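**Q** For reference, the file final27.csv (CSV, C-alpha atoms) is included below:
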chain,number,residue,atom,x,y,z
A,157,MET,CA,-0.3,4.5,-36.1
A,158,LYS,CA,-3.7,4.9,-37.6
A,159,LEU,CA,-6.0,2.2,-36.2
A,160,VAL,CA,-9.6,2.1,-37.5
A,161,ILE,CA,-12.5,0.1,-35.9
A,162,ILE,CA,-15.1,-0.6,-38.6
A,163,ASN,CA,-18.3,1.0,-37.2
A,164,TYR,CA,-21.3,-0.6,-39.0
A,165,GLY,CA,-23.8,-0.9,-36.2
A,166,ALA,CA,-23.1,-4.4,-35.0
A,167,GLY,CA,-20.0,-4.2,-32.8
A,168,ASN,CA,-19.0,-3.9,-29.2
A,169,ILE,CA,-16.8,-1.1,-30.3
A,170,LYS,CA,-16.5,1.0,-27.1
A,171,SER,CA,-14.8,-1.8,-25.1
A,172,ILE,CA,-12.4,-2.5,-28.0
A,173,GLN,CA,-11.7,1.2,-28.3
A,174,PHE,CA,-11.0,1.5,-24.6
A,175,ALA,CA,-8.7,-1.6,-24.7
A,176,PHE,CA,-6.5,0.1,-27.4
A,177,LYS,CA,-6.6,3.4,-25.5
A,178,ARG,CA,-4.9,1.6,-22.6
A,179,LEU,CA,-2.2,0.6,-25.1
A,180,GLY,CA,-1.7,4.2,-26.0
A,181,VAL,CA,-3.5,4.0,-29.3
A,182,ASP,CA,-6.6,6.2,-30.1
A,183,ALA,CA,-8.7,4.1,-32.5
A,184,ILE,CA,-10.9,5.8,-35.0
A,185,LEU,CA,-14.5,4.5,-35.3
A,186,SER,CA,-15.5,4.8,-39.0
A,187,ASN,CA,-17.5,3.3,-41.8
A,188,ASN,CA,-15.9,5.7,-44.3
A,189,PRO,CA,-14.3,3.6,-47.1
A,190,ASP,CA,-11.4,6.2,-47.6
A,191,GLU,CA,-10.7,6.3,-43.9
A,192,ILE,CA,-10.7,2.5,-43.7
A,193,LYS,CA,-8.4,2.1,-46.7
A,194,ALA,CA,-6.0,4.7,-45.3
A,195,ALA,CA,-5.6,2.8,-41.9
A,196,ASP,CA,-2.5,1.0,-40.9
A,197,LYS,CA,-4.5,-1.7,-39.0
A,198,ILE,CA,-8.2,-2.5,-39.0
A,199,ILE,CA,-10.5,-4.1,-36.4
A,200,PHE,CA,-13.7,-5.7,-37.7
A,201,PRO,CA,-15.9,-6.3,-34.7
A,202,GLY,CA,-19.2,-8.0,-34.4
A,203,VAL,CA,-21.9,-8.7,-31.9
A,204,GLY,CA,-25.5,-9.9,-32.6
A,205,GLU,CA,-27.1,-11.8,-35.3
A,206,ALA,CA,-25.2,-12.7,-38.5
A,207,SER,CA,-27.8,-11.9,-41.2
A,208,THR,CA,-28.7,-8.5,-39.7
A,209,ALA,CA,-25.0,-7.7,-39.4
A,210,MET,CA,-24.3,-8.8,-43.0
A,211,ASN,CA,-27.2,-6.6,-44.3
A,212,MET,CA,-25.7,-3.6,-42.5
A,213,LEU,CA,-22.4,-4.3,-44.2
A,214,LYS,CA,-24.1,-4.5,-47.6
A,215,GLU,CA,-26.0,-1.3,-47.1
A,216,SER,CA,-22.8,0.6,-46.6
A,217,GLY,CA,-20.9,-1.3,-49.3
A,218,LEU,CA,-18.4,-2.6,-46.7
A,219,ASP,CA,-19.0,-6.2,-47.8
A,220,LYS,CA,-17.2,-5.3,-51.1
A,221,LEU,CA,-14.5,-3.1,-49.5
A,222,ILE,CA,-13.3,-5.5,-46.8
A,223,PRO,CA,-12.0,-8.3,-49.2
A,224,THR,CA,-9.8,-5.6,-51.0
A,225,LEU,CA,-8.0,-4.5,-47.9
A,226,LYS,CA,-4.2,-5.1,-47.9
A,227,GLN,CA,-3.3,-4.1,-44.3
A,228,PRO,CA,-3.7,-6.4,-41.3
A,229,VAL,CA,-7.4,-6.9,-40.4
A,230,LEU,CA,-8.6,-8.5,-37.2
A,231,GLY,CA,-12.1,-9.9,-37.0
A,232,ILE,CA,-13.5,-10.4,-33.5
A,233,CYS,CA,-16.3,-12.8,-32.6
A,234,LEU,CA,-19.1,-12.3,-35.1
A,235,GLY,CA,-16.6,-10.3,-37.2
A,236,MET,CA,-14.5,-13.4,-37.6
A,237,GLN,CA,-17.6,-15.5,-38.5
A,238,LEU,CA,-18.7,-13.0,-41.2
A,239,LEU,CA,-15.3,-13.4,-42.8
A,240,CYS,CA,-16.0,-17.1,-43.3
A,241,LYS,CA,-17.8,-18.5,-46.4
A,242,HIS,CA,-21.2,-19.2,-44.8
A,243,THR,CA,-22.9,-19.3,-41.4
A,244,GLU,CA,-25.9,-21.3,-40.3
A,245,GLU,CA,-27.1,-18.3,-38.3
A,246,GLY,CA,-29.8,-16.9,-40.6
A,247,ASP,CA,-28.4,-19.0,-43.4
A,248,THR,CA,-26.1,-16.2,-44.2
A,249,LYS,CA,-23.5,-16.0,-46.9
A,250,GLY,CA,-20.3,-14.6,-45.5
A,251,ILE,CA,-17.5,-12.4,-47.1
A,252,GLY,CA,-15.5,-15.6,-47.9
A,253,ILE,CA,-12.0,-14.7,-46.8
A,254,PHE,CA,-11.6,-17.8,-44.6
A,255,GLN,CA,-12.4,-21.0,-46.4
A,256,THR,CA,-14.6,-22.5,-43.8
A,257,ASN,CA,-18.2,-22.6,-42.6
A,258,VAL,CA,-19.8,-21.6,-39.3
A,259,LYS,CA,-22.1,-24.1,-37.6
A,260,ARG,CA,-24.4,-24.0,-34.5
A,261,PHE,CA,-23.3,-25.9,-31.4
A,262,THR,CA,-25.5,-28.9,-30.7
A,263,ASN,CA,-27.8,-29.0,-27.8
A,264,GLU,CA,-25.4,-31.5,-26.1
A,265,VAL,CA,-23.7,-28.5,-24.7
A,266,LYS,CA,-25.1,-25.3,-23.0
A,267,VAL,CA,-25.7,-22.8,-25.8
A,268,PRO,CA,-24.4,-20.1,-25.9
A,269,GLN,CA,-20.9,-20.9,-24.7
A,270,MET,CA,-20.4,-18.1,-22.2
A,271,GLY,CA,-17.3,-17.6,-20.1
A,272,TRP,CA,-13.6,-18.6,-20.0
A,273,ASN,CA,-12.2,-21.4,-22.1
A,274,VAL,CA,-8.7,-22.3,-23.3
A,275,ILE,CA,-7.0,-21.8,-26.6
A,276,LYS,CA,-4.4,-24.2,-27.8
A,277,ASP,CA,-2.3,-25.3,-30.8
A,278,LEU,CA,-1.4,-21.7,-31.3
A,279,LYS,CA,0.2,-20.6,-34.5
A,280,SER,CA,1.1,-17.1,-35.9
A,281,ASP,CA,2.8,-14.0,-34.3
A,282,LEU,CA,-0.7,-12.9,-33.1
A,283,PHE,CA,0.0,-15.3,-30.2
A,284,LYS,CA,3.6,-14.2,-29.5
A,285,GLY,CA,4.2,-14.6,-25.7
A,286,ILE,CA,0.9,-16.4,-25.1
A,287,LYS,CA,1.1,-19.8,-23.4
A,288,GLU,CA,-0.6,-22.9,-24.7
A,289,SER,CA,-4.0,-23.5,-23.0
A,290,GLU,CA,-4.3,-19.8,-22.0
A,291,TYR,CA,-7.8,-18.8,-21.0
A,292,MET,CA,-9.8,-16.4,-23.1
A,293,TYR,CA,-13.4,-15.0,-22.7
A,294,LEU,CA,-16.0,-16.3,-25.2
A,295,VAL,CA,-19.7,-15.7,-25.8
A,296,HIS,CA,-21.1,-17.5,-28.8
A,297,SER,CA,-23.6,-20.0,-30.1
A,298,TYR,CA,-21.9,-20.7,-33.5
A,299,TYR,CA,-18.4,-21.9,-34.2
A,300,ALA,CA,-16.0,-22.0,-37.2
A,301,GLU,CA,-15.1,-25.5,-38.5
A,302,HIS,CA,-11.4,-26.3,-38.8
A,303,CYS,CA,-9.6,-25.6,-42.1
A,304,ASN,CA,-6.0,-25.0,-43.2
A,305,GLU,CA,-6.3,-21.5,-41.9
A,306,THR,CA,-6.9,-22.5,-38.2
A,307,ILE,CA,-4.3,-20.8,-35.9
A,308,ALA,CA,-5.9,-21.7,-32.5
A,309,LYS,CA,-8.3,-24.4,-31.3
A,310,THR,CA,-10.8,-24.7,-28.5
A,311,ASP,CA,-12.9,-27.6,-27.1
A,312,TYR,CA,-16.6,-27.1,-26.3
A,313,GLY,CA,-18.4,-30.4,-27.0
A,314,LEU,CA,-16.2,-30.6,-30.1
A,315,ASN,CA,-12.9,-29.1,-31.2
A,316,TYR,CA,-13.3,-26.0,-33.3
A,317,ALA,CA,-11.3,-23.1,-34.8
A,318,SER,CA,-11.1,-20.3,-32.2
A,319,ALA,CA,-8.7,-18.3,-34.4
A,320,LEU,CA,-8.1,-18.1,-38.2
A,321,ARG,CA,-5.6,-16.5,-40.5
A,322,HIS,CA,-5.6,-16.0,-44.3
A,323,GLU,CA,-2.8,-13.7,-45.5
A,324,ASN,CA,-3.4,-10.3,-43.9
A,325,PHE,CA,-6.7,-11.3,-42.4
A,326,TYR,CA,-6.9,-12.6,-38.8
A,327,GLY,CA,-10.0,-13.7,-36.9
A,328,VAL,CA,-10.5,-14.6,-33.2
A,329,GLN,CA,-13.8,-16.1,-31.8
A,330,PHE,CA,-12.9,-14.9,-28.3
A,331,HIS,CA,-13.0,-11.3,-27.0
A,332,PRO,CA,-9.4,-10.2,-26.4
A,333,GLU,CA,-10.7,-6.9,-25.1
A,334,LYS,CA,-12.5,-8.8,-22.3
A,335,SER,CA,-9.7,-11.5,-21.7
A,336,GLY,CA,-7.6,-9.7,-19.2
A,337,ILE,CA,-3.8,-9.1,-19.5
A,338,GLU,CA,-3.3,-12.0,-22.0
A,339,GLY,CA,-6.1,-10.6,-24.3
A,340,VAL,CA,-4.5,-7.2,-24.2
A,341,LYS,CA,-1.2,-8.9,-25.2
A,342,ILE,CA,-2.9,-10.3,-28.3
A,343,LEU,CA,-4.2,-6.8,-29.3
A,344,LYS,CA,-0.6,-5.5,-28.8
A,345,ASN,CA,0.7,-8.3,-31.0
A,346,PHE,CA,-1.8,-7.3,-33.7
A,347,LEU,CA,-0.6,-3.7,-33.5
A,348,ASN,CA,3.0,-5.0,-34.0
A,349,LEU,CA,2.3,-7.3,-36.9
A,350,GLU,CA,4.2,-6.5,-40.1
A,351,VAL,CA,2.0,-5.7,-43.0
A,352,LYS,CA,3.4,-8.6,-45.0
A,353,SER,CA,3.8,-10.9,-41.9
Could you express the structure from this file as C-alpha cells?

**A**
Amino acid sequence: MKLVIINYGAGNIKSIQFAFKRLGVDAILSNNPDEIKAADKIIFPGVGEASTAMNMLKESGLDKLIPTLKQPVLGICLGMQLLCKHTEEGDTKGIGIFQTNVKRFTNEVKVPQMGWNVIKDLKSDLFKGIKESEYMYLVHSYYAEHCNETIAKTDYGLNYASALRHENFYGVQFHPEKSGIEGVKILKNFLNLEVKS
C-alpha cells in the first residue's frame, strides 16, 4: 500500500509516520502533486495556526489539489479544520470539503482543551471495533460545529464534532497517533477502508 502524508510545513508528521511504521506501513512524506495523486491513502496533518497553514498550502498549490483527490483522505487536528468551510482562527477560508465552520471555544472552559476526552455517537467504519465513549487525546482551541457529516461527538463546554466524513474525506479533531492502542486501531481502520466505502 502506498500511504502519503502531505508534508506542507504544518504537521506533526514524524509521530504519525512512526505510528504507521508500527503497523508495518512505511508512509511517504511528500508535497509532490503526482506522488500524492498516486497514493492509495492520504494523511493530511496539521499543527499550528490556521491562516499560516492555509498560506503554506496555497504556496504549493495543494489547496487546489486536495479537493480533487478520490482516494481516502484523513485530516488530523488542524488538517480536519482546514477541510471545513471557514475557521475563526485568523478569519481563514478553508478548503470547503466539510460543510461546517470552525469556532473558538469560549472562555468558560480552559483553552486550549489539552488531554484526554471521550468520543461518542460513533458512525463509519473508521471506528470499527472502537467502543462508545472511548478516550482520545486532544489539543485544540477551536472546534468544528455539528453538521450532517458529523461521525463522532465530544463534550467540552459544549457538544462539537470531533470527527467528520464527506465521501472519501475523513477528519478527526483528536490525535489518533497519540491516543494509545485505540488510536492505532483507528489508523488501522483507515488503512482498511475501501476506496468507495

**Q** From the list A:Leu278, A:Ala319, A:Ala166, A:Ala183, which residue is nearest A:Ser207 when using all atoms listed in the file?

**A**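 Between A:Leu278, A:Ala319, A:Ala166, A:Ala183, the residue approaching A:Ser207 most closely is A:Ala166.
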
**Q** For each of A:Ile286, A:Val328, A:Ile307, A:Ile172, take the minimum atom-to-atom distance to A:Leu238, counting only C-alpha atoms, then give the residue where this is smallest.

**A**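 Residue with the minimum atom-to-atom distance to A:Leu238: A:Val328.
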
**Q** So which one's closest to A:Gly235, A:Ile198, A:Ala175, A:Met292, A:Leu159? Using all atoms listed in the file, please.

**A**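 Nearest candidate to A:Gly235 out of A:Ile198, A:Ala175, A:Met292, A:Leu159: A:Ile198.
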
**Q** If I take atom CA of A:Leu218 and atom CA of A:Val295, how far is one from the other in Å, to one decimal?

**A** 24.7 Å

**Q** Work out how far apart atom CA of A:Met157 and atom CA of A:Ser318 are and give it in Å to one decimal.

**A**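 These two atoms are separated by 27.3 Å.
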
**Q** Counting all atoms listed in the file, figure out which residue out of A:Asp219, A:Ser335, A:Gly231, A:Gly180 gets nearest to A:Ile161.

**A**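 Of A:Asp219, A:Ser335, A:Gly231, A:Gly180, the one nearest A:Ile161, counting all atoms listed in the file, is A:Gly231.
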
**Q** Please provide the set of residues having any atom within 10 Å of A:His242, restricted to all atoms listed in the file, with same-chain residues fewer than 2 positions apart removed, written as a list in words.

**A** Ala206, Gln237, Leu238, Leu239, Cys240, Glu244, Glu245, Gly246, Asp247, Thr248, Lys249, Gly250, Ile251, Gly252, Phe254, Gln255, Thr256, Asn257, Val258, Lys259 and Ala300 of chain A

**Q** Pick from A:Leu234, A:Val229, A:Ile253, A:Val267: nearest to A:Asn324, with all atoms listed in the file counted?

**A**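 Of the candidates, the smallest distance to A:Asn324 is held by A:Val229.
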
**Q** List every protein, DNA or RNA residue that has at least one atom no more than 12 Å from (-12.7, -28.2, -28.0) in the file's coordinates, counting only C-alpha atoms, and write the result as a short mmCIF file (atom, residue, chain, number, x, y, z; two decimals) with C-alpha atoms, in the frame of the given file.

**A**
data_model
loop_
_atom_site.label_atom_id
_atom_site.label_comp_id
_atom_site.auth_asym_id
_atom_site.auth_seq_id
_atom_site.Cartn_x
_atom_site.Cartn_y
_atom_site.Cartn_z
CA PHE A 261 -23.30 -25.90 -31.40
CA VAL A 265 -23.70 -28.50 -24.70
CA GLN A 269 -20.90 -20.90 -24.70
CA ASN A 273 -12.20 -21.40 -22.10
CA VAL A 274 -8.70 -22.30 -23.30
CA ILE A 275 -7.00 -21.80 -26.60
CA LYS A 276 -4.40 -24.20 -27.80
CA ASP A 277 -2.30 -25.30 -30.80
CA SER A 289 -4.00 -23.50 -23.00
CA TYR A 299 -18.40 -21.90 -34.20
CA ALA A 300 -16.00 -22.00 -37.20
CA GLU A 301 -15.10 -25.50 -38.50
CA HIS A 302 -11.40 -26.30 -38.80
CA ALA A 308 -5.90 -21.70 -32.50
CA LYS A 309 -8.30 -24.40 -31.30
CA THR A 310 -10.80 -24.70 -28.50
CA ASP A 311 -12.90 -27.60 -27.10
CA TYR A 312 -16.60 -27.10 -26.30
CA GLY A 313 -18.40 -30.40 -27.00
CA LEU A 314 -16.20 -30.60 -30.10
CA ASN A 315 -12.90 -29.10 -31.20
CA TYR A 316 -13.30 -26.00 -33.30
CA ALA A 317 -11.30 -23.10 -34.80
CA SER A 318 -11.10 -20.30 -32.20
#

**Q** Identify which of the residues A:Trp272, A:Cys233, A:Ile184, A:Ala209 lies closest to A:Asp196, counting all atoms listed in the file when measuring atom-to-atom distances.

**A**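 Of A:Trp272, A:Cys233, A:Ile184, A:Ala209, the one nearest A:Asp196, counting all atoms listed in the file, is A:Ile184.
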
**Q** What lies within 9 Å of A:Gly165 using all atoms listed in the file, ignoring chain neighbours under 6 positions off, as a list in words?

**A**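 Near A:Gly165, the qualifying residues are Gly202, Ala209, Met212 and Leu213 of chain A.
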
**Q** For the residues in the current selection, export C-alpha atoms as a tab-separated table (two decimals), in the coordinates of the input.

**A**
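Once everything was written out, this is again-v1.tsv:
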chain	number	residue	atom	x	y	z
A	202	GLY	CA	-19.20	-8.00	-34.40
A	209	ALA	CA	-25.00	-7.70	-39.40
A	212	MET	CA	-25.70	-3.60	-42.50
A	213	LEU	CA	-22.40	-4.30	-44.20

**Q** Mind giving me the straight-line distance from atom CA of A:Pro228 to atom CA of A:Pro268 in Å, one decimal?

**A**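 Computing it gives 29.2 Å between the two atoms.
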
**Q** Fewer than 4 positions away in the same chain doesn't count, so skip those; otherwise give me all residues within 9 Å of A:Ala194, counting all atoms listed in the file, as a VMD selection string.

**A** chain A and resid 158 160 189 to 190

**Q** What lies within 8 Å of stretch 337-345 of chain A using only C-alpha atoms, ignoring chain neighbours under 2 positions off, as a tab-separated table (two decimals) with C-alpha atoms, keeping the file's coordinate frame?

**A**
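As written to disk, result_13.tsv reads:
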chain	number	residue	atom	x	y	z
A	175	ALA	CA	-8.70	-1.60	-24.70
A	176	PHE	CA	-6.50	0.10	-27.40
A	179	LEU	CA	-2.20	0.60	-25.10
A	281	ASP	CA	2.80	-14.00	-34.30
A	282	LEU	CA	-0.70	-12.90	-33.10
A	283	PHE	CA	0.00	-15.30	-30.20
A	284	LYS	CA	3.60	-14.20	-29.50
A	285	GLY	CA	4.20	-14.60	-25.70
A	286	ILE	CA	0.90	-16.40	-25.10
A	290	GLU	CA	-4.30	-19.80	-22.00
A	292	MET	CA	-9.80	-16.40	-23.10
A	331	HIS	CA	-13.00	-11.30	-27.00
A	332	PRO	CA	-9.40	-10.20	-26.40
A	333	GLU	CA	-10.70	-6.90	-25.10
A	334	LYS	CA	-12.50	-8.80	-22.30
A	335	SER	CA	-9.70	-11.50	-21.70
A	347	LEU	CA	-0.60	-3.70	-33.50
A	348	ASN	CA	3.00	-5.00	-34.00
A	349	LEU	CA	2.30	-7.30	-36.90

**Q** Selecting N, CA and C atoms, how would stretch 226-266 of chain A from this structure be written as a JSON list (two decimals), in the first residue's frame?

**A**
[["chain", "number", "residue", "atom", "x", "y", "z"],
["A", 226, "LYS", "N", -9.51, 11.42, -4.98],
["A", 226, "LYS", "CA", -10.59, 10.42, -4.99],
["A", 226, "LYS", "C", -10.35, 9.29, -4.00],
["A", 227, "GLN", "N", -9.12, 9.14, -3.51],
["A", 227, "GLN", "CA", -8.83, 8.07, -2.56],
["A", 227, "GLN", "C", -9.14, 8.54, -1.13],
["A", 228, "PRO", "N", -9.21, 7.62, -0.16],
["A", 228, "PRO", "CA", -9.47, 8.05, 1.22],
["A", 228, "PRO", "C", -8.40, 9.01, 1.74],
["A", 229, "VAL", "N", -8.87, 10.11, 2.32],
["A", 229, "VAL", "CA", -8.01, 11.16, 2.89],
["A", 229, "VAL", "C", -8.43, 11.33, 4.35],
["A", 230, "LEU", "N", -7.45, 11.35, 5.25],
["A", 230, "LEU", "CA", -7.73, 11.56, 6.67],
["A", 230, "LEU", "C", -7.06, 12.84, 7.14],
["A", 231, "GLY", "N", -7.87, 13.84, 7.49],
["A", 231, "GLY", "CA", -7.35, 15.07, 8.08],
["A", 231, "GLY", "C", -7.28, 14.91, 9.59],
["A", 232, "ILE", "N", -6.15, 15.30, 10.17],
["A", 232, "ILE", "CA", -5.95, 15.17, 11.61],
["A", 232, "ILE", "C", -5.75, 16.55, 12.24],
["A", 233, "CYS", "N", -6.52, 16.83, 13.30],
["A", 233, "CYS", "CA", -6.42, 18.07, 14.07],
["A", 233, "CYS", "C", -6.64, 19.29, 13.18],
["A", 234, "LEU", "N", -5.63, 20.15, 13.02],
["A", 234, "LEU", "CA", -5.78, 21.32, 12.15],
["A", 234, "LEU", "C", -6.08, 20.90, 10.71],
["A", 235, "GLY", "N", -5.58, 19.74, 10.31],
["A", 235, "GLY", "CA", -5.88, 19.22, 8.97],
["A", 235, "GLY", "C", -7.38, 19.08, 8.76],
["A", 236, "MET", "N", -8.08, 18.55, 9.76],
["A", 236, "MET", "CA", -9.55, 18.44, 9.67],
["A", 236, "MET", "C", -10.18, 19.83, 9.60],
["A", 237, "GLN", "N", -9.71, 20.76, 10.42],
["A", 237, "GLN", "CA", -10.30, 22.10, 10.46],
["A", 237, "GLN", "C", -10.13, 22.83, 9.13],
["A", 238, "LEU", "N", -8.98, 22.62, 8.48],
["A", 238, "LEU", "CA", -8.74, 23.29, 7.19],
["A", 238, "LEU", "C", -9.61, 22.70, 6.08],
["A", 239, "LEU", "N", -10.15, 21.49, 6.29],
["A", 239, "LEU", "CA", -11.06, 20.90, 5.31],
["A", 239, "LEU", "C", -12.49, 21.45, 5.45],
["A", 240, "CYS", "N", -12.72, 22.26, 6.50],
["A", 240, "CYS", "CA", -14.04, 22.87, 6.70],
["A", 240, "CYS", "C", -14.16, 24.15, 5.87],
["A", 241, "LYS", "N", -15.34, 24.79, 5.91],
["A", 241, "LYS", "CA", -15.58, 25.98, 5.08],
["A", 241, "LYS", "C", -14.79, 27.20, 5.57],
["A", 242, "HIS", "N", -14.76, 27.38, 6.88],
["A", 242, "HIS", "CA", -14.15, 28.59, 7.44],
["A", 242, "HIS", "C", -13.76, 28.35, 8.88],
["A", 243, "THR", "N", -12.67, 28.96, 9.32],
["A", 243, "THR", "CA", -12.30, 28.92, 10.73],
["A", 243, "THR", "C", -12.11, 30.32, 11.27],
["A", 244, "GLU", "N", -12.55, 30.53, 12.48],
["A", 244, "GLU", "CA", -12.37, 31.83, 13.14],
["A", 244, "GLU", "C", -10.91, 32.14, 13.39],
["A", 245, "GLU", "N", -10.07, 31.11, 13.43],
["A", 245, "GLU", "CA", -8.64, 31.34, 13.68],
["A", 245, "GLU", "C", -8.02, 32.06, 12.48],
["A", 246, "GLY", "N", -7.66, 33.31, 12.69],
["A", 246, "GLY", "CA", -7.10, 34.11, 11.60],
["A", 246, "GLY", "C", -8.11, 34.44, 10.52],
["A", 247, "ASP", "N", -9.43, 34.26, 10.84],
["A", 247, "ASP", "CA", -10.51, 34.51, 9.87],
["A", 247, "ASP", "C", -10.16, 33.88, 8.52],
["A", 248, "THR", "N", -9.97, 32.57, 8.56],
["A", 248, "THR", "CA", -9.39, 31.83, 7.43],
["A", 248, "THR", "C", -10.45, 31.04, 6.66],
["A", 249, "LYS", "N", -10.47, 31.24, 5.35],
["A", 249, "LYS", "CA", -11.33, 30.43, 4.49],
["A", 249, "LYS", "C", -10.68, 29.07, 4.31],
["A", 250, "GLY", "N", -11.48, 28.01, 4.53],
["A", 250, "GLY", "CA", -10.94, 26.65, 4.42],
["A", 250, "GLY", "C", -11.10, 26.08, 3.02],
["A", 251, "ILE", "N", -10.75, 24.81, 2.89],
["A", 251, "ILE", "CA", -10.83, 24.12, 1.60],
["A", 251, "ILE", "C", -12.28, 23.83, 1.23],
["A", 252, "GLY", "N", -13.14, 23.67, 2.24],
["A", 252, "GLY", "CA", -14.58, 23.57, 1.97],
["A", 252, "GLY", "C", -15.12, 22.19, 1.64],
["A", 253, "ILE", "N", -14.42, 21.15, 2.08],
["A", 253, "ILE", "CA", -14.93, 19.78, 1.88],
["A", 253, "ILE", "C", -16.09, 19.53, 2.84],
["A", 254, "PHE", "N", -15.85, 19.79, 4.13],
["A", 254, "PHE", "CA", -16.88, 19.60, 5.15],
["A", 254, "PHE", "C", -17.71, 20.88, 5.25],
["A", 255, "GLN", "N", -19.02, 20.71, 5.21],
["A", 255, "GLN", "CA", -19.92, 21.87, 5.17],
["A", 255, "GLN", "C", -20.23, 22.37, 6.59],
["A", 256, "THR", "N", -19.18, 22.81, 7.25],
["A", 256, "THR", "CA", -19.33, 23.36, 8.59],
["A", 256, "THR", "C", -18.22, 24.38, 8.84],
["A", 257, "ASN", "N", -18.38, 25.13, 9.94],
["A", 257, "ASN", "CA", -17.41, 26.16, 10.31],
["A", 257, "ASN", "C", -16.72, 25.80, 11.61],
["A", 258, "VAL", "N", -15.57, 26.42, 11.82],
["A", 258, "VAL", "CA", -14.75, 26.16, 13.00],
["A", 258, "VAL", "C", -14.76, 27.41, 13.88],
["A", 259, "LYS", "N", -15.13, 27.23, 15.14],
["A", 259, "LYS", "CA", -15.26, 28.34, 16.09],
["A", 259, "LYS", "C", -14.27, 28.18, 17.24],
["A", 260, "ARG", "N", -14.02, 29.28, 17.95],
["A", 260, "ARG", "CA", -13.15, 29.21, 19.13],
["A", 260, "ARG", "C", -13.98, 28.84, 20.36],
["A", 261, "PHE", "N", -13.42, 27.99, 21.22],
["A", 261, "PHE", "CA", -14.08, 27.71, 22.49],
["A", 261, "PHE", "C", -14.24, 29.02, 23.27],
["A", 262, "THR", "N", -15.31, 29.12, 24.05],
["A", 262, "THR", "CA", -15.49, 30.31, 24.88],
["A", 262, "THR", "C", -14.54, 30.22, 26.08],
["A", 263, "ASN", "N", -14.38, 31.33, 26.77],
["A", 263, "ASN", "CA", -13.50, 31.36, 27.94],
["A", 263, "ASN", "C", -14.15, 30.73, 29.18],
["A", 264, "GLU", "N", -15.35, 30.15, 28.98],
["A", 264, "GLU", "CA", -15.99, 29.43, 30.09],
["A", 264, "GLU", "C", -15.29, 28.10, 30.37],
["A", 265, "VAL", "N", -14.47, 27.67, 29.40],
["A", 265, "VAL", "CA", -13.68, 26.45, 29.60],
["A", 265, "VAL", "C", -12.20, 26.82, 29.44],
["A", 266, "LYS", "N", -11.33, 25.95, 29.93],
["A", 266, "LYS", "CA", -9.89, 26.19, 29.79],
["A", 266, "LYS", "C", -9.50, 25.99, 28.33]]
